[in-house]
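Chemist: Structure below; questions to follow.
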Amino acid sequence: QVQLVESGGGLVQPGGSLNLSCAASGFTFSRFTMRWYRQAPGKERELVADMLLPGGRRNYAGSAKGRFTISRDNAKNMLYLQMNNLKPEDTAVYYCNAIYGSLRYWGQGTQVTVSS
């Protein structure tokens, strides 16, 4: 059974940090491109960051560059998103996503709220 389980979300003040985690199981994690998406209320889901291989190229949305870092540990089947200098506009549900060819898996999401 394929599972992606996000954790690490919560309420943080502007300028604060959070480290999101995504635990993957039920598929060959190392083969998949892994992505973080987010969806704010009333807005479309948007790609935040992705990477294929550990140490490989990472891609970021403009809003995330310089503040967020995506990483993965294939030995642990884990994906991470370190978020620094958070802003109120980063408030959203953050989703872990796995892609390989026509296969696409989603987690249930974790809420991130940035507010004073």
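Letters A, B, ... mark the chains of the structure tokens in the order given; residue numbers begin at 1 per chain; ligand numbers begin at 1, in order shown.
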Got a sec: who's within 10 Å of region 63-66 of chain A, counting only C-alpha atoms, leaving out chain neighbours fewer than 3 positions off, as a list in words?

Modeler: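 In the requested format, the answer is Leu47, Val48, Ala49, Asn59, Tyr60, Thr69, Met83, Asn84, Asn85, Leu86, Glu89 and Asp90 of chain A.
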
Chemist: With N, CA and C atoms retained, export the selected residues as a compact mmCIF listing (two decimals), in the first residue's frame.

Modeler:
```txt
# COMPACT_ATOMS: atom_id res chain seq x y z
N LEU A 47 3.53 24.19 -7.19
CA LEU A 47 4.78 23.48 -6.92
C LEU A 47 5.72 24.39 -6.15
N VAL A 48 6.26 23.86 -5.06
CA VAL A 48 7.20 24.63 -4.24
C VAL A 48 8.64 24.25 -4.55
N ALA A 49 8.90 22.94 -4.59
CA ALA A 49 10.27 22.47 -4.82
C ALA A 49 10.26 21.02 -5.25
N ASN A 59 14.96 22.12 -7.74
CA ASN A 59 14.26 23.23 -8.38
C ASN A 59 13.29 23.84 -7.40
N TYR A 60 13.21 25.16 -7.43
CA TYR A 60 12.37 25.88 -6.48
C TYR A 60 11.49 26.90 -7.20
N THR A 69 14.65 24.72 1.54
CA THR A 69 15.59 23.73 1.05
C THR A 69 14.92 22.37 1.06
N MET A 83 12.11 25.14 5.88
CA MET A 83 11.56 26.45 5.52
C MET A 83 12.02 27.49 6.53
N ASN A 84 12.72 28.48 6.04
CA ASN A 84 13.24 29.55 6.89
C ASN A 84 12.62 30.89 6.49
N ASN A 85 12.71 31.83 7.41
CA ASN A 85 12.20 33.18 7.15
C ASN A 85 10.78 33.13 6.60
N LEU A 86 9.94 32.42 7.29
CA LEU A 86 8.58 32.22 6.81
C LEU A 86 7.79 33.52 6.83
N GLU A 89 2.36 34.83 3.69
CA GLU A 89 1.93 34.29 2.41
C GLU A 89 2.37 32.85 2.17
N ASP A 90 3.18 32.31 3.07
CA ASP A 90 3.54 30.89 3.01
C ASP A 90 2.47 30.01 3.65
```

Chemist: Give me, as a PyMOL selection string, all polymer residues having an atom no more than 8 Å from Gly26 (chain A), counting only C-alpha atoms and skipping those fewer than 2 positions away in the same chain.

Modeler: chain A and resi 1-3+24+28

Chemist: Write down as a ChimeraX atom specification the residues belonging to chain A that are assigned strand (DSSP E) by DSSP computed on the backbone.

Modeler: /A:3-7,10-12,18-25,33-39,46-51,58-60,68-73,78-83,92-100,103-106,110-114

Chemist: Considering only C-alpha atoms, state which residue in the set A:Leu52, A:Met78, A:Val114, A:Leu18 is at the smallest distance from Leu4 (chain A).

Modeler: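 Smallest separation from Leu4 (chain A) among the options: A:Met78.
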
Chemist: Find the distance between CA of Arg72 (chain A) and CA of Lys87 (chain A) and write it in Å to one decimal.

Modeler: 23.9 Å

Chemist: With only C-alpha atoms as the basis for distance, which of A:Tyr94, A:Tyr80, A:Phe29, A:Tyr37 is at the shortest distance from Gly10 (chain A)?

Modeler: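 Using only C-alpha atoms, Gly10 (chain A) sits closest to A:Tyr94.
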
Chemist: Neighbouring residues of Cys96 (chain A) were defined as those with any atom within 6 Å, considering only C-alpha atoms; residues of the same chain fewer than 6 positions away were excluded. Please report them as a ChimeraX atom specification.

Modeler: /A:35-36,106-107

Chemist: If you keep all heavy atoms, can you produce a file of those selected residues as a compact mmCIF listing (two decimals), in the first residue's frame?

Modeler:
```txt
# COMPACT_ATOMS: atom_id res chain seq x y z
N ARG A 35 8.45 15.85 -4.80
CA ARG A 35 8.09 17.26 -4.86
C ARG A 35 7.31 17.68 -3.61
O ARG A 35 6.64 16.86 -2.99
CB ARG A 35 7.21 17.53 -6.09
CG ARG A 35 7.93 17.34 -7.41
CD ARG A 35 7.00 17.55 -8.59
NE ARG A 35 7.75 17.60 -9.84
CZ ARG A 35 7.18 17.65 -11.05
NH1 ARG A 35 5.87 17.66 -11.16
NH2 ARG A 35 7.93 17.69 -12.12
N TRP A 36 7.41 18.93 -3.32
CA TRP A 36 6.54 19.58 -2.34
C TRP A 36 5.65 20.57 -3.10
O TRP A 36 6.15 21.39 -3.88
CB TRP A 36 7.33 20.33 -1.28
CG TRP A 36 7.99 19.45 -0.28
CD1 TRP A 36 9.31 19.08 -0.23
CD2 TRP A 36 7.38 18.84 0.85
NE1 TRP A 36 9.55 18.28 0.83
CE2 TRP A 36 8.37 18.11 1.53
CE3 TRP A 36 6.08 18.84 1.38
CZ2 TRP A 36 8.11 17.39 2.70
CZ3 TRP A 36 5.83 18.12 2.53
CH2 TRP A 36 6.83 17.42 3.17
N TRP A 106 0.19 11.10 -3.75
CA TRP A 106 0.05 12.31 -2.93
C TRP A 106 -0.10 11.92 -1.46
O TRP A 106 -0.73 10.91 -1.13
CB TRP A 106 -1.20 13.09 -3.34
CG TRP A 106 -1.11 13.75 -4.67
CD1 TRP A 106 -1.53 13.24 -5.86
CD2 TRP A 106 -0.56 15.05 -4.95
NE1 TRP A 106 -1.28 14.15 -6.87
CE2 TRP A 106 -0.70 15.26 -6.34
CE3 TRP A 106 0.01 16.05 -4.17
CZ2 TRP A 106 -0.27 16.43 -6.96
CZ3 TRP A 106 0.44 17.21 -4.79
CH2 TRP A 106 0.29 17.40 -6.17
N GLY A 107 0.41 12.79 -0.61
CA GLY A 107 0.13 12.67 0.81
C GLY A 107 -1.15 13.43 1.14
O GLY A 107 -1.78 14.05 0.29
```

Chemist: Could you tell me how far CA of Val93 (chain A) lies from CA of Ala75 (chain A), in Å and to one decimal?

Modeler: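 CA of Ala75 (chain A) lies 26.5 Å from CA of Val93 (chain A).
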
Chemist: In Å to one decimal, how far is CA of Lys43 (chain A) from CA of Arg57 (chain A)?

Modeler: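 These atoms are spaced 27.7 Å apart.
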
Chemist: Just asking: which residues within chain A are helix (DSSP H, G or I) according to DSSP, as a list in words?

Modeler: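 So the helix (DSSP H, G or I) residues in chain A would be Phe29, Ser30, Arg31, Pro88, Glu89 and Asp90 of chain A.
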
Chemist: Go ahead and write the residues just picked, C-alpha atoms, as a PDB file, in the first residue's frame.

Modeler:
```
ATOM      1  CA  PHE A  29      11.242   5.697  -3.280  1.00  0.00           C
ATOM      2  CA  SER A  30      14.676   6.123  -4.853  1.00  0.00           C
ATOM      3  CA  ARG A  31      13.264   5.976  -8.388  1.00  0.00           C
ATOM      4  CA  PRO A  88       2.300  35.024   6.109  1.00  0.00           C
ATOM      5  CA  GLU A  89       1.926  34.288   2.405  1.00  0.00           C
ATOM      6  CA  ASP A  90       3.538  30.891   3.007  1.00  0.00           C
TER       7      ASP A  90
END
```

Chemist: Calculated over only C-alpha atoms, which of the candidates A:Leu20, A:Leu103, A:Met51, A:Ile70 has the smallest distance to Thr33 (chain A)?

Modeler: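 Of A:Leu20, A:Leu103, A:Met51, A:Ile70, the one nearest Thr33 (chain A), counting only C-alpha atoms, is A:Met51.
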
Chemist: Out of A:Ser17, A:Glu6, A:Ser115, A:Val12, which residue has the shortest atom-to-atom distance to Arg67 (chain A) when counting only C-alpha atoms?

Modeler: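 Selected residue with least distance to Arg67 (chain A): A:Ser17.
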
Chemist: Considering only C-alpha atoms, can you say which of A:Ala23, A:Ala92, A:Ala61, A:Val5 comes closest to Arg45 (chain A)?

Modeler: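 Looking only at the distances to Arg45 (chain A), the closest residue turns out to be A:Ala92.
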